[in-house]
>>> print(open('protein20.cif').read())   # mmCIF, C-alpha atoms
data_model
#
loop_
_atom_site.label_atom_id
_atom_site.label_comp_id
_atom_site.auth_asym_id
_atom_site.auth_seq_id
_atom_site.Cartn_x
_atom_site.Cartn_y
_atom_site.Cartn_z
CA MET A 1 -8.55 3.58 -11.37
CA PRO A 2 -10.80 3.76 -8.26
CA LEU A 3 -9.45 5.69 -5.30
CA PRO A 4 -8.05 3.76 -2.34
CA ARG A 5 -10.56 2.89 0.37
CA THR A 6 -10.54 3.61 4.08
CA LEU A 7 -12.36 2.45 7.23
CA SER A 8 -15.30 3.95 9.08
CA ALA A 9 -14.21 2.57 12.48
CA PRO A 10 -11.32 0.66 14.08
CA VAL A 11 -11.16 -3.11 13.89
CA ASP A 12 -9.20 -5.65 15.98
CA HIS A 13 -8.10 -9.23 15.40
CA GLU A 14 -5.97 -11.65 17.41
CA LEU A 15 -3.78 -14.45 16.05
CA VAL A 16 -2.04 -17.01 18.24
CA ILE A 17 0.94 -18.75 16.65
CA LYS A 18 3.13 -21.09 18.71
CA ARG A 19 1.96 -19.38 21.90
CA SER A 20 2.85 -15.88 20.60
CA ARG A 21 -0.15 -13.53 20.56
CA PHE A 22 -0.38 -11.06 17.67
CA LEU A 23 -2.99 -8.36 18.39
CA ALA A 24 -3.82 -6.41 15.24
CA HIS A 25 -5.51 -3.02 15.48
CA VAL A 26 -6.35 -1.16 12.25
CA ALA A 27 -7.88 2.30 12.65
CA PRO A 28 -8.87 5.22 10.40
CA VAL A 29 -6.75 8.33 10.94
CA ALA A 30 -6.75 11.83 9.46
CA ASP A 31 -2.99 12.43 9.54
CA GLY A 32 0.35 11.31 10.91
CA THR A 33 -0.21 12.96 14.28
CA GLU A 34 -3.40 11.00 14.82
CA ALA A 35 -1.64 7.80 13.76
CA ASP A 36 1.11 8.44 16.32
CA GLU A 37 -1.55 8.98 18.99
CA VAL A 38 -3.08 5.58 18.22
CA VAL A 39 0.34 3.93 18.49
CA ALA A 40 1.09 5.71 21.78
CA ARG A 41 -2.26 4.64 23.24
CA LEU A 42 -1.66 1.00 22.34
CA ARG A 43 1.87 1.09 23.75
CA LYS A 44 0.43 2.35 27.02
CA GLN A 45 -2.44 -0.14 27.00
CA HIS A 46 -0.15 -3.10 26.25
CA TRP A 47 2.87 -1.85 28.19
CA ASP A 48 4.08 -5.40 28.90
CA ALA A 49 4.19 -6.53 25.25
CA ARG A 50 7.53 -7.04 23.54
CA HIS A 51 6.79 -5.39 20.17
CA HIS A 52 4.37 -2.85 18.70
CA CYS A 53 4.95 -2.95 14.94
CA VAL A 54 3.38 -0.27 12.77
CA ALA A 55 2.32 0.50 9.20
CA VAL A 56 0.75 3.79 8.16
CA VAL A 57 -0.76 4.82 4.81
CA LEU A 58 -2.07 8.36 4.31
CA GLY A 59 -3.43 10.59 1.56
CA VAL A 60 -6.20 10.44 -1.02
CA HIS A 61 -3.88 8.52 -3.36
CA ALA A 62 -2.06 6.61 -0.58
CA ASP A 63 1.13 8.49 -1.37
CA THR A 64 2.45 8.81 2.21
CA GLN A 65 3.61 5.54 3.75
CA ARG A 66 5.84 4.45 6.62
CA SER A 67 6.43 1.41 8.81
CA SER A 68 8.33 0.20 11.86
CA ASP A 69 9.59 -3.24 12.90
CA ASP A 70 9.93 -2.08 16.53
CA GLY A 71 12.76 -4.47 17.36
CA GLU A 72 11.75 -7.41 15.23
CA PRO A 73 14.32 -8.49 12.61
CA SER A 74 14.46 -5.94 9.81
CA GLY A 75 11.79 -6.41 7.16
CA THR A 76 9.79 -9.06 9.05
CA ALA A 77 6.98 -6.93 10.48
CA GLY A 78 6.35 -3.31 9.43
CA VAL A 79 6.99 -3.77 5.71
CA PRO A 80 4.84 -6.93 5.39
CA MET A 81 2.04 -5.09 7.22
CA LEU A 82 2.45 -2.15 4.86
CA GLU A 83 2.31 -4.45 1.85
CA VAL A 84 -1.07 -5.75 3.02
CA LEU A 85 -2.44 -2.20 3.24
CA ARG A 86 -1.06 -1.44 -0.23
CA HIS A 87 -2.41 -4.65 -1.74
CA ARG A 88 -5.84 -4.03 -0.25
CA ARG A 89 -5.75 -0.43 -1.54
CA THR A 90 -6.42 1.06 1.89
CA THR A 91 -5.45 4.58 2.94
CA ASP A 92 -5.78 7.01 5.85
CA VAL A 93 -5.24 4.11 8.25
CA VAL A 94 -2.75 2.99 10.85
CA ALA A 95 -2.13 -0.71 11.50
CA VAL A 96 -0.50 -1.74 14.78
CA VAL A 97 0.32 -5.33 15.62
CA THR A 98 1.25 -5.90 19.24
CA ARG A 99 3.15 -9.10 19.96
CA TYR A 100 3.30 -11.00 23.21
CA PHE A 101 6.21 -13.44 22.79
CA GLY A 102 5.30 -17.04 23.49
CA GLY A 103 8.79 -18.42 23.98
CA VAL A 104 9.13 -20.08 20.56
CA LEU A 105 11.16 -18.42 17.79
CA LEU A 106 9.21 -18.21 14.54
CA GLY A 107 12.03 -17.38 12.15
CA ALA A 108 11.95 -14.60 9.55
CA GLY A 109 9.39 -16.31 7.34
CA GLY A 110 7.14 -17.11 10.26
CA LEU A 111 7.22 -13.51 11.47
CA VAL A 112 6.35 -12.17 8.00
CA ARG A 113 3.38 -14.53 7.78
CA ALA A 114 2.23 -13.71 11.30
CA TYR A 115 2.38 -9.92 10.99
CA SER A 116 0.92 -9.77 7.50
CA GLY A 117 -1.69 -12.39 8.41
CA ALA A 118 -2.84 -10.44 11.45
CA VAL A 119 -3.45 -7.30 9.38
CA THR A 120 -5.11 -9.29 6.59
CA ALA A 121 -7.47 -10.92 9.09
CA ALA A 122 -8.35 -7.54 10.62
CA LEU A 123 -9.20 -6.12 7.19
CA ASP A 124 -11.24 -9.23 6.38
CA ASP A 125 -13.20 -8.61 9.59
CA ALA A 126 -13.73 -4.99 8.52
CA GLU A 127 -15.14 -6.16 5.19
CA ARG A 128 -17.55 -8.58 6.87
CA ARG A 129 -18.72 -5.91 9.32
CA GLY A 130 -19.30 -3.31 6.61
CA LEU A 131 -16.62 -0.95 7.92
CA VAL A 132 -14.88 -0.46 4.57
CA ILE A 133 -15.56 2.93 2.98
CA GLY A 134 -15.12 3.63 -0.71
CA ARG A 135 -14.05 7.01 -2.05
CA ARG A 136 -15.07 8.78 -5.24
CA HIS A 137 -14.61 12.08 -7.03
CA LEU A 138 -18.00 13.82 -6.98
CA VAL A 139 -19.14 17.33 -7.88
CA GLU A 140 -21.24 19.32 -5.42
CA VAL A 141 -24.38 20.68 -7.07
CA THR A 142 -27.03 22.81 -5.34
CA LEU A 143 -30.55 23.65 -6.39
CA ASP A 144 -32.53 26.53 -4.86
CA ALA A 145 -36.28 25.93 -4.98
CA PRO A 146 -39.42 27.58 -3.57
CA HIS A 147 -40.62 25.87 -0.40
CA ALA A 148 -43.81 24.77 -2.13
CA GLU A 149 -41.81 22.74 -4.65
CA ALA A 150 -39.09 21.45 -2.35
CA GLY A 151 -40.76 18.17 -1.40
CA ARG A 152 -41.51 17.18 -4.98
CA LEU A 153 -38.02 18.11 -6.18
CA GLU A 154 -36.32 16.34 -3.29
CA HIS A 155 -38.20 13.14 -4.15
CA LEU A 156 -37.28 13.55 -7.81
CA LEU A 157 -33.60 14.12 -7.01
CA ARG A 158 -33.47 11.10 -4.71
CA GLU A 159 -34.85 8.95 -7.51
CA TRP A 160 -32.39 10.52 -9.94
CA ALA A 161 -29.44 9.96 -7.59
CA ALA A 162 -30.33 6.33 -6.96
CA HIS A 163 -29.92 5.53 -10.67
CA ARG A 164 -26.73 7.55 -11.28
CA ASP A 165 -24.45 6.80 -8.32
CA ALA A 166 -25.03 10.26 -6.88
CA VAL A 167 -25.40 11.15 -3.21
CA VAL A 168 -28.21 13.35 -1.84
CA GLY A 169 -27.09 15.84 0.78
CA GLU A 170 -29.04 17.72 3.42
CA THR A 171 -31.80 20.12 2.39
CA VAL A 172 -31.48 23.51 4.08
CA TYR A 173 -34.59 25.66 4.51
CA ALA A 174 -34.10 29.44 4.60
CA GLU A 175 -35.72 32.01 2.27
CA VAL A 176 -35.70 29.18 -0.25
CA ALA A 177 -35.04 25.47 0.06
CA ARG A 178 -31.48 24.56 -0.95
CA LEU A 179 -31.13 20.98 -2.12
CA THR A 180 -27.65 19.49 -2.45
CA LEU A 181 -26.37 16.57 -4.49
CA LEU A 182 -22.91 15.07 -4.98
CA VAL A 183 -22.82 14.00 -8.60
CA PRO A 184 -20.35 12.04 -10.75
CA PRO A 185 -18.62 14.56 -13.06
CA ASP A 186 -19.97 12.94 -16.22
CA GLU A 187 -23.57 13.20 -14.96
CA VAL A 188 -23.62 16.96 -14.27
CA ALA A 189 -24.89 17.90 -17.73
CA ARG A 190 -27.62 15.26 -17.50
CA LEU A 191 -28.72 16.69 -14.15
CA HIS A 192 -29.06 20.16 -15.71
CA ASP A 193 -31.26 18.75 -18.46
CA ASP A 194 -33.44 16.72 -16.09
CA VAL A 195 -33.97 19.62 -13.67
CA ALA A 196 -34.89 21.88 -16.59
CA ALA A 197 -37.40 19.31 -17.80
CA ALA A 198 -38.90 18.86 -14.32
CA THR A 199 -39.32 22.60 -13.73
CA ALA A 200 -40.16 23.80 -17.25
CA GLY A 201 -36.81 25.56 -17.31
CA ARG A 202 -37.55 27.74 -14.27
CA LEU A 203 -34.80 26.34 -12.03
CA ARG A 204 -31.14 25.72 -12.77
CA PRO A 205 -28.63 23.84 -10.61
CA THR A 206 -25.45 25.60 -9.46
CA VAL A 207 -22.26 23.59 -9.95
CA GLY A 208 -19.67 23.79 -7.18
CA ALA A 209 -16.29 22.18 -6.59
CA GLU A 210 -15.26 18.61 -7.23
CA ARG A 211 -14.16 16.80 -4.08
CA VAL A 212 -13.36 13.38 -2.73
CA VAL A 213 -16.30 11.85 -0.89
CA ASP A 214 -16.44 8.80 1.40
CA VAL A 215 -19.18 6.46 0.20
CA PRO A 216 -20.19 3.45 2.35
CA ARG A 217 -20.17 0.21 0.41
#
>>> encode(input="protein20.cif", output="structure tokens")
Amino acid sequence: MPLPRTLSAPVDHELVIKRSRFLAHVAPVADGTEADEVVARLRKQHWDARHHCVAVVLGVHADTQRSSDDGEPSGTAGVPMLEVLRHRRTTDVVAVVTRYFGGVLLGAGGLVRAYSGAVTAALDDAERRGLVIGRRHLVEVTLDAPHAEAGRLEHLLREWAAHRDAVVGETVYAEVARLTLLVPPDEVARLHDDVAAATAGRLRPTVGAERVVDVPR
């Protein structure tokens, strides 16, 4: 199964329901401390709002999760927001929905729809704006080449990567040129063969660690 996705930048969306304003803010975060900092900043910014409800999902596999109703009836805010993040397979994010009460009670069902709808709309905006980031397991592979061959090999590797869902990293020039690729695990052997063919067997890639890589959609 594909890894959960994340965001490249924060996104905001406002819903108005029966004069209540629901301000959704969904932001990428590295850990729980950073998520708490986002919540604290929004509490300070919107100091006069009645509620700041929160959902947080963290970890490569979205295995750390928490939520808060912040004074709304239990189960009507934080958990519905969290369910949206789960359903959309989003991780390393904090969602905060700030509510300015409009004087009309919405009832439990209305609150669930409002809080979940605000987060859903924010994520929809993120999709439209290209802020959603996919994640994949890729293997880091480096290739050391003489400077005279670096340009040709870099072009070859970019062509190779474009057809095999690989990512070309930065080329570093020192005593030799070090080219870097992030390669799907099942393509590593093919890369070895293609480099050998392109260099008459003179150069061999070095396989490094497998890691999780953010890949823009």
>>> closest_residue(input="protein20.cif", among="A:Leu191, A:Ala108, A:Ala49, A:Val93", to="A:Ser74", atoms="only C-alpha atoms")
A:Ala108
>>> closest_residue(input="protein20.cif", among="A:Pro28, A:Pro185, A:Pro2, A:Gly78", to="A:His52", atoms="all atoms listed in the file")
A:Gly78
>>> resolve_selection(input="protein20.cif", expression="the PyMOL selection byres ((chain A and resi 83) around 12)", output="number ranges by chain")
A: 54-57, 65-67, 75-82, 84-91, 95, 112-113, 115-117, 119-120
>>> write_last_selection(input="protein20.cif", atoms="C-alpha atoms", output="PDB file, in the coordinates of the input")
ATOM      1  CA  VAL A  54       3.380  -0.270  12.770  1.00  0.00           C
ATOM      2  CA  ALA A  55       2.320   0.500   9.200  1.00  0.00           C
ATOM      3  CA  VAL A  56       0.750   3.790   8.160  1.00  0.00           C
ATOM      4  CA  VAL A  57      -0.760   4.820   4.810  1.00  0.00           C
ATOM      5  CA  GLN A  65       3.610   5.540   3.750  1.00  0.00           C
ATOM      6  CA  ARG A  66       5.840   4.450   6.620  1.00  0.00           C
ATOM      7  CA  SER A  67       6.430   1.410   8.810  1.00  0.00           C
ATOM      8  CA  GLY A  75      11.790  -6.410   7.160  1.00  0.00           C
ATOM      9  CA  THR A  76       9.790  -9.060   9.050  1.00  0.00           C
ATOM     10  CA  ALA A  77       6.980  -6.930  10.480  1.00  0.00           C
ATOM     11  CA  GLY A  78       6.350  -3.310   9.430  1.00  0.00           C
ATOM     12  CA  VAL A  79       6.990  -3.770   5.710  1.00  0.00           C
ATOM     13  CA  PRO A  80       4.840  -6.930   5.390  1.00  0.00           C
ATOM     14  CA  MET A  81       2.040  -5.090   7.220  1.00  0.00           C
ATOM     15  CA  LEU A  82       2.450  -2.150   4.860  1.00  0.00           C
ATOM     16  CA  VAL A  84      -1.070  -5.750   3.020  1.00  0.00           C
ATOM     17  CA  LEU A  85      -2.440  -2.200   3.240  1.00  0.00           C
ATOM     18  CA  ARG A  86      -1.060  -1.440  -0.230  1.00  0.00           C
ATOM     19  CA  HIS A  87      -2.410  -4.650  -1.740  1.00  0.00           C
ATOM     20  CA  ARG A  88      -5.840  -4.030  -0.250  1.00  0.00           C
ATOM     21  CA  ARG A  89      -5.750  -0.430  -1.540  1.00  0.00           C
ATOM     22  CA  THR A  90      -6.420   1.060   1.890  1.00  0.00           C
ATOM     23  CA  THR A  91      -5.450   4.580   2.940  1.00  0.00           C
ATOM     24  CA  ALA A  95      -2.130  -0.710  11.500  1.00  0.00           C
ATOM     25  CA  VAL A 112       6.350 -12.170   8.000  1.00  0.00           C
ATOM     26  CA  ARG A 113       3.380 -14.530   7.780  1.00  0.00           C
ATOM     27  CA  TYR A 115       2.380  -9.920  10.990  1.00  0.00           C
ATOM     28  CA  SER A 116       0.920  -9.770   7.500  1.00  0.00           C
ATOM     29  CA  GLY A 117      -1.690 -12.390   8.410  1.00  0.00           C
ATOM     30  CA  VAL A 119      -3.450  -7.300   9.380  1.00  0.00           C
ATOM     31  CA  THR A 120      -5.110  -9.290   6.590  1.00  0.00           C
TER      32      THR A 120
END
>>> resolve_selection(input="protein20.cif", expression="the PyMOL selection byres ((chain A and resi 151-162) around 12)", output="JSON, numbers by chain")
{"A": [141, 142, 143, 144, 145, 146, 147, 148, 149, 150, 163, 164, 165, 166, 167, 168, 169, 170, 171, 172, 173, 177, 178, 179, 180, 181, 182, 183, 184, 187, 188, 190, 191, 192, 193, 194, 195, 196, 197, 198, 199, 203, 205]}
>>> closest_residue(input="protein20.cif", among="A:Ala30, A:Ala126, A:Val104, A:Ala209", to="A:Val60", atoms="only C-alpha atoms")
A:Ala30
>>> closest_residue(input="protein20.cif", among="A:Val207, A:Ala27, A:Val39, A:Val132", to="A:Val11", atoms="only C-alpha atoms")
A:Ala27
>>> resolve_selection(input="protein20.cif", expression="the PyMOL selection byres ((chain A and resi 42) around 12)", output="JSON, numbers by chain")
{"A": [12, 23, 24, 25, 26, 27, 35, 36, 37, 38, 39, 40, 41, 43, 44, 45, 46, 47, 48, 49, 51, 52, 53, 54, 94, 95, 96, 97, 98, 99]}
>>> closest_residue(input="protein20.cif", among="A:Asp214, A:Leu111, A:Leu3, A:His137", to="A:Leu15", atoms="all atoms listed in the file")
A:Leu111
>>> atom_distance(input="protein20.cif", atom1="atom CA of A:Ser68", atom2="atom CA of A:Asp31")
16.8 Å
>>> atom_distance(input="protein20.cif", atom1="atom CA of A:Gly208", atom2="atom CA of A:Ala189")
13.2 Å
>>> closest_residue(input="protein20.cif", among="A:Gly130, A:Ala122, A:Thr64, A:Gly201", to="A:Gly32", atoms="only C-alpha atoms")
A:Thr64
>>> atom_distance(input="protein20.cif", atom1="atom CA of A:Thr33", atom2="atom CA of A:Asp69")
19.0 Å
>>> decode(input="protein20.cif", residues="stretch 94-106 of chain A", atoms="all heavy atoms", output="tab-separated table (two decimals), in the first residue's frame")
chain	number	residue	atom	x	y	z
A	94	VAL	N	-0.88	18.95	11.17
A	94	VAL	CA	-1.78	19.37	12.22
A	94	VAL	C	-2.93	20.12	11.57
A	94	VAL	O	-2.71	20.94	10.68
A	94	VAL	CB	-1.08	20.25	13.29
A	94	VAL	CG1	-0.43	21.47	12.66
A	94	VAL	CG2	-2.06	20.67	14.38
A	95	ALA	N	-4.15	19.80	11.99
A	95	ALA	CA	-5.33	20.52	11.52
A	95	ALA	C	-5.94	21.25	12.72
A	95	ALA	O	-6.20	20.63	13.75
A	95	ALA	CB	-6.35	19.57	10.90
A	96	VAL	N	-6.15	22.54	12.58
A	96	VAL	CA	-6.78	23.35	13.62
A	96	VAL	C	-7.99	24.04	13.00
A	96	VAL	O	-7.87	24.68	11.96
A	96	VAL	CB	-5.81	24.41	14.19
A	96	VAL	CG1	-6.48	25.17	15.34
A	96	VAL	CG2	-4.50	23.77	14.64
A	97	VAL	N	-9.13	23.89	13.63
A	97	VAL	CA	-10.32	24.62	13.19
A	97	VAL	C	-10.74	25.56	14.31
A	97	VAL	O	-11.11	25.11	15.40
A	97	VAL	CB	-11.48	23.68	12.80
A	97	VAL	CG1	-12.71	24.51	12.42
A	97	VAL	CG2	-11.07	22.78	11.64
A	98	THR	N	-10.65	26.83	14.04
A	98	THR	CA	-11.03	27.87	14.99
A	98	THR	C	-12.47	28.28	14.72
A	98	THR	O	-12.82	28.58	13.57
A	98	THR	CB	-10.10	29.09	14.82
A	98	THR	OG1	-8.76	28.70	15.13
A	98	THR	CG2	-10.52	30.23	15.72
A	99	ARG	N	-13.28	28.30	15.78
A	99	ARG	CA	-14.69	28.63	15.60
A	99	ARG	C	-15.03	29.94	16.31
A	99	ARG	O	-14.77	30.11	17.50
A	99	ARG	CB	-15.58	27.53	16.15
A	99	ARG	CG	-17.08	27.82	15.95
A	99	ARG	CD	-17.97	26.86	16.68
A	99	ARG	NE	-19.38	27.13	16.41
A	99	ARG	CZ	-20.39	26.56	17.07
A	99	ARG	NH1	-20.14	25.68	18.02
A	99	ARG	NH2	-21.63	26.87	16.77
A	100	TYR	N	-15.64	30.83	15.52
A	100	TYR	CA	-16.28	32.02	16.08
A	100	TYR	C	-17.78	31.75	16.11
A	100	TYR	O	-18.41	31.62	15.06
A	100	TYR	CB	-15.98	33.24	15.22
A	100	TYR	CG	-14.58	33.79	15.38
A	100	TYR	CD1	-13.55	33.37	14.55
A	100	TYR	CD2	-14.30	34.73	16.37
A	100	TYR	CE1	-12.26	33.88	14.69
A	100	TYR	CE2	-13.01	35.24	16.52
A	100	TYR	CZ	-12.01	34.81	15.68
A	100	TYR	OH	-10.74	35.31	15.84
A	101	PHE	N	-18.35	31.66	17.30
A	101	PHE	CA	-19.75	31.28	17.47
A	101	PHE	C	-20.67	32.37	16.92
A	101	PHE	O	-20.48	33.56	17.20
A	101	PHE	CB	-20.04	31.04	18.95
A	101	PHE	CG	-21.45	30.59	19.23
A	101	PHE	CD1	-21.98	29.49	18.59
A	101	PHE	CD2	-22.23	31.28	20.16
A	101	PHE	CE1	-23.27	29.06	18.86
A	101	PHE	CE2	-23.52	30.85	20.44
A	101	PHE	CZ	-24.04	29.74	19.79
A	102	GLY	N	-21.66	31.95	16.15
A	102	GLY	CA	-22.56	32.91	15.51
A	102	GLY	C	-23.89	33.10	16.21
A	102	GLY	O	-24.77	33.79	15.70
A	103	GLY	N	-24.05	32.45	17.37
A	103	GLY	CA	-25.28	32.65	18.12
A	103	GLY	C	-26.36	31.61	17.87
A	103	GLY	O	-27.41	31.63	18.53
A	104	VAL	N	-26.14	30.71	16.93
A	104	VAL	CA	-27.12	29.67	16.61
A	104	VAL	C	-26.51	28.31	16.91
A	104	VAL	O	-25.44	27.98	16.39
A	104	VAL	CB	-27.56	29.73	15.14
A	104	VAL	CG1	-28.56	28.61	14.82
A	104	VAL	CG2	-28.15	31.09	14.80
A	105	LEU	N	-27.16	27.51	17.76
A	105	LEU	CA	-26.67	26.17	18.07
A	105	LEU	C	-26.83	25.26	16.86
A	105	LEU	O	-27.88	25.25	16.21
A	105	LEU	CB	-27.42	25.60	19.27
A	105	LEU	CG	-27.24	26.35	20.60
A	105	LEU	CD1	-28.13	25.73	21.68
A	105	LEU	CD2	-25.79	26.32	21.04
A	106	LEU	N	-25.80	24.49	16.57
A	106	LEU	CA	-25.82	23.62	15.38
A	106	LEU	C	-26.19	22.18	15.70
A	106	LEU	O	-26.49	21.42	14.78
A	106	LEU	CB	-24.44	23.66	14.70
A	106	LEU	CG	-23.94	25.02	14.24
A	106	LEU	CD1	-22.60	24.87	13.53
A	106	LEU	CD2	-24.94	25.71	13.33
